[in-house]
Each structure stands twice: as structure tokens, then as C-alpha cells.
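Student: So that we are looking at the same thing, I have put the structure below in C-alpha cells.
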Amino acid sequence: MQSISHILQEHSKFEKVIMGSRPYRRLDFSEKTPALLSLDLSDTSVFSAYVFQELLLENTYTGIGGYAENRVIYRQRGHFMSGEGNSRSIHLGTDIWTDAGEPIYAPLGGKIHSFAFNDHFGDYGPTIILSHNLHGLEFFTLYGHLSLVSLDNLYPGKIIAGGENFASIGSYPENGDWPPHLHFQVIKDIGNYSGDFPGVSSIQDSAHYLSICPDPNLILRIPGNERF
């Protein structure tokens, strides 16, 4: 049987998840960006100004990147820290950094698997998970840091057409208290999760999670966002 990564790679066309016209700029939130270590990223207004004013040059660009990245930005957010030395820092999805309110479109047809308001500082905030079937294989796409209104009128099993505007990017603090962006993740095996799934793993668990969360650029197909 073909793997989901192979099926996604061979699929002819996906709809755009974000339709914005600004060019993309790849952002790096690992230790390769030393300025991150000197900022108070627990203050979301500071974090947001750094992203949109400095990294994206006053919103000249839309930010992209993060899959499999070992990020330092989680060190100031207790949601990802563990006293047992198993803190989470490996990002399992791709982030698209753009304005709050930006519409989000389904890359292909599917249905609502689940949704939730993961209302903790540093968490997903409003979250929607879609289920899809492609060439007989089921897989899932997760959309985190949404607006609260994105959860209105949803129910499990609701059909979402490919290219349908079904959600929008949220503002902080309702989006989990992050600078506005979409966390987009592909999941091969969702297990018993509902309205939630790990978007960041520990280094120790990263091989497992990356094996069931393939590169979202197989769907996004944004040049320059290929995994290095």
C-alpha cells in the first residue's frame, strides 16, 4: 500500500489554504535566530511586533515555515515545558504568519472530524480538524490559532468542500495568545484525539510524531518551504 506522503506528493492539485497576495518569507524560530533569546516572548505584543514589523518588514511578506524545526520560542511558554526533562520543542506543522481575520480555505474536500477551543496560554486556541480520504487512505488536517467565530455552526461530519472558506486566523489572546498565524498540520493517525493533537513534540518523541505527521508542504506546495 502506498504511503500517505507518496499519495499527497502524486496528487495533481490542492486548493490554496491562504489566498493572500504577499510573497512568502521563510521564518526560522530555532537558535539560528539569536535575537529570539533576548526578547520577552511571553509578552505577545512584543512577539507580534517582532514577527510582523521586523521579520516580515512591516507586513511586506507572509511568513512561512517551521516543519520539524527545533524551536527556542517555546522556552518562555509553560505549556511546552516539563519538569522531567522532556520538554517539547520540535514543531510538527507549518506556520503561516499573516493578519488576523485572513480567510482559511480547505485544500481538498473532507468533513469536520472535531473542533475545540483549547483555551490555555500558548495552546492552539480555536482548533478545527478535518478528515479526508484520498485514493482510499484516510488522513487529517489540523488548523490551529483560529478565530472563535470559526467554531460557529460546526458539527462532526459536516461536509467541507475543497476551496471552501471554512475558518479564519484569530487574534490574540483568543488564538492561544500568539502573534496571528495559522498552524497547519497533516496527521496520518489521529488515534483517540478530538479537537486537539500534539503540534510540538519532545526531541525524544520526534521520530514517532514526524513519521505520522508528514511535511505539510506536500499539500501547501509553497516554493522555498521545502524541508531542509
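In the C-alpha cells, the first chain shown is A, the next is B, and so on; residue numbers restart at 1 for each chain, and ligands run from 1 in the order shown.
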Which parts of chain A does DSSP call alpha helix (DSSP H) when run on the backbone here, written out as a ChimeraX atom specification?

Tutor: /A:4-10,44-49,206-212,217-220

Student: Let's see if you can do this: from backbone DSSP, list all strand (DSSP E or B) residues in range 68-216 of chain A, as a ChimeraX atom specification.

Tutor: /A:70,88-91,94-97,103-105,110-118,125-134,137-144,146,159-160,165-169,181-187,200-202

Student: Would you kindly return, as a PyMOL selection string, each protein, DNA or RNA residue with an atom no farther than 12 Å from any atom of His135 in chain A, considering only C-alpha atoms and excluding same-chain residues fewer than 2 positions away?

Tutor: chain A and resi 1-4+6-8+10-11+132-133+137-139

Student: Which residues, written as a PyMOL selection string, have at least one atom at most 10 Å from Ser114 in chain A, with only C-alpha atoms counted and residues fewer than 4 positions away on the same chain left out?

Tutor: chain A and resi 127-131+142+154-158+193-196

Student: Would you output that residue set with N, CA, C and O atoms, as a tab-separated table (two decimals), in the first residue's frame?

Tutor:
chain	number	residue	atom	x	y	z
A	127	THR	N	-9.61	25.50	17.34
A	127	THR	CA	-8.95	24.46	16.54
A	127	THR	C	-9.99	23.67	15.77
A	127	THR	O	-11.03	23.30	16.32
A	128	ILE	N	-9.71	23.40	14.51
A	128	ILE	CA	-10.58	22.55	13.69
A	128	ILE	C	-9.73	21.45	13.07
A	128	ILE	O	-8.63	21.70	12.58
A	129	ILE	N	-10.24	20.23	13.08
A	129	ILE	CA	-9.60	19.10	12.41
A	129	ILE	C	-10.54	18.58	11.34
A	129	ILE	O	-11.71	18.28	11.62
A	130	LEU	N	-10.05	18.48	10.11
A	130	LEU	CA	-10.81	17.90	9.00
A	130	LEU	C	-10.30	16.50	8.71
A	130	LEU	O	-9.10	16.23	8.85
A	131	SER	N	-11.19	15.63	8.31
A	131	SER	CA	-10.78	14.31	7.83
A	131	SER	C	-10.96	14.26	6.32
A	131	SER	O	-11.89	14.86	5.76
A	142	LEU	N	-5.12	19.62	10.47
A	142	LEU	CA	-5.44	20.38	11.67
A	142	LEU	C	-5.15	21.85	11.42
A	142	LEU	O	-4.12	22.21	10.83
A	154	LEU	N	-20.55	24.53	13.58
A	154	LEU	CA	-19.86	23.31	13.20
A	154	LEU	C	-20.48	22.10	13.89
A	154	LEU	O	-21.08	22.22	14.96
A	155	TYR	N	-20.32	20.95	13.29
A	155	TYR	CA	-20.71	19.69	13.92
A	155	TYR	C	-19.90	18.58	13.26
A	155	TYR	O	-19.53	18.69	12.08
A	156	PRO	N	-19.57	17.52	14.01
A	156	PRO	CA	-18.82	16.42	13.41
A	156	PRO	C	-19.56	15.84	12.21
A	156	PRO	O	-20.78	15.61	12.26
A	157	GLY	N	-18.83	15.63	11.15
A	157	GLY	CA	-19.41	15.07	9.94
A	157	GLY	C	-19.86	16.11	8.93
A	157	GLY	O	-20.22	15.77	7.80
A	158	LYS	N	-19.84	17.40	9.30
A	158	LYS	CA	-20.23	18.44	8.36
A	158	LYS	C	-19.30	18.43	7.16
A	158	LYS	O	-18.07	18.43	7.30
A	193	TYR	N	-7.68	11.27	19.66
A	193	TYR	CA	-7.74	12.71	19.87
A	193	TYR	C	-8.99	13.31	19.23
A	193	TYR	O	-9.47	12.84	18.18
A	194	SER	N	-9.51	14.35	19.85
A	194	SER	CA	-10.69	15.06	19.36
A	194	SER	C	-10.51	16.55	19.61
A	194	SER	O	-10.33	16.96	20.76
A	195	GLY	N	-10.49	17.34	18.56
A	195	GLY	CA	-10.32	18.77	18.68
A	195	GLY	C	-8.93	19.20	19.11
A	195	GLY	O	-8.70	20.37	19.40
A	196	ASP	N	-8.02	18.27	19.11
A	196	ASP	CA	-6.66	18.54	19.59
A	196	ASP	C	-5.74	17.43	19.09
A	196	ASP	O	-6.19	16.31	18.82

Student: For Thr94 in chain A, work out the shell of residues within 8 Å, counting only C-alpha atoms and skipping chain neighbours fewer than 4 positions away, then give it as a short mmCIF file (atom, residue, chain, number, x, y, z; two decimals) with N, CA and C atoms, in the first residue's frame.

Tutor:
data_model
loop_
_atom_site.label_atom_id
_atom_site.label_comp_id
_atom_site.auth_asym_id
_atom_site.auth_seq_id
_atom_site.Cartn_x
_atom_site.Cartn_y
_atom_site.Cartn_z
N ILE A 64 6.32 31.96 6.57
CA ILE A 64 6.08 30.53 6.32
C ILE A 64 7.21 29.73 6.94
N GLY A 65 6.91 28.52 7.38
CA GLY A 65 7.98 27.61 7.81
C GLY A 65 7.67 26.90 9.10
N GLY A 66 8.68 26.19 9.59
CA GLY A 66 8.62 25.60 10.91
C GLY A 66 8.53 24.10 10.99
N TYR A 67 8.28 23.40 9.87
CA TYR A 67 8.12 21.95 10.00
C TYR A 67 9.42 21.29 10.44
N HIS A 183 -1.51 27.52 12.28
CA HIS A 183 -0.75 26.28 12.42
C HIS A 183 -1.48 25.23 11.58
N PHE A 184 -0.80 24.75 10.54
CA PHE A 184 -1.39 23.77 9.62
C PHE A 184 -0.58 22.47 9.74
N GLN A 185 -1.28 21.38 10.01
CA GLN A 185 -0.60 20.12 10.27
C GLN A 185 -1.33 18.97 9.59
N ASP A 215 5.27 16.20 6.04
CA ASP A 215 5.52 17.59 5.73
C ASP A 215 4.28 18.24 5.11
N PRO A 216 3.72 19.28 5.74
CA PRO A 216 2.55 19.95 5.17
C PRO A 216 2.79 20.57 3.80
N ASN A 217 4.06 20.78 3.43
CA ASN A 217 4.31 21.35 2.11
C ASN A 217 3.97 20.39 0.98
#

Student: Tell me which of A:Tyr50, A:Gly93, A:Glu31, A:Arg22 sits closest to Asn225 in chain A, counting only C-alpha atoms.

Tutor: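 Counting only C-alpha atoms, the residue closest to Asn225 in chain A is A:Gly93.
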
Student: At what distance in Å, to one decimal, does CA of Ile187 in chain A lie from CA of Thr141 in chain A?

Tutor: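 It comes out at 6.1 Å.
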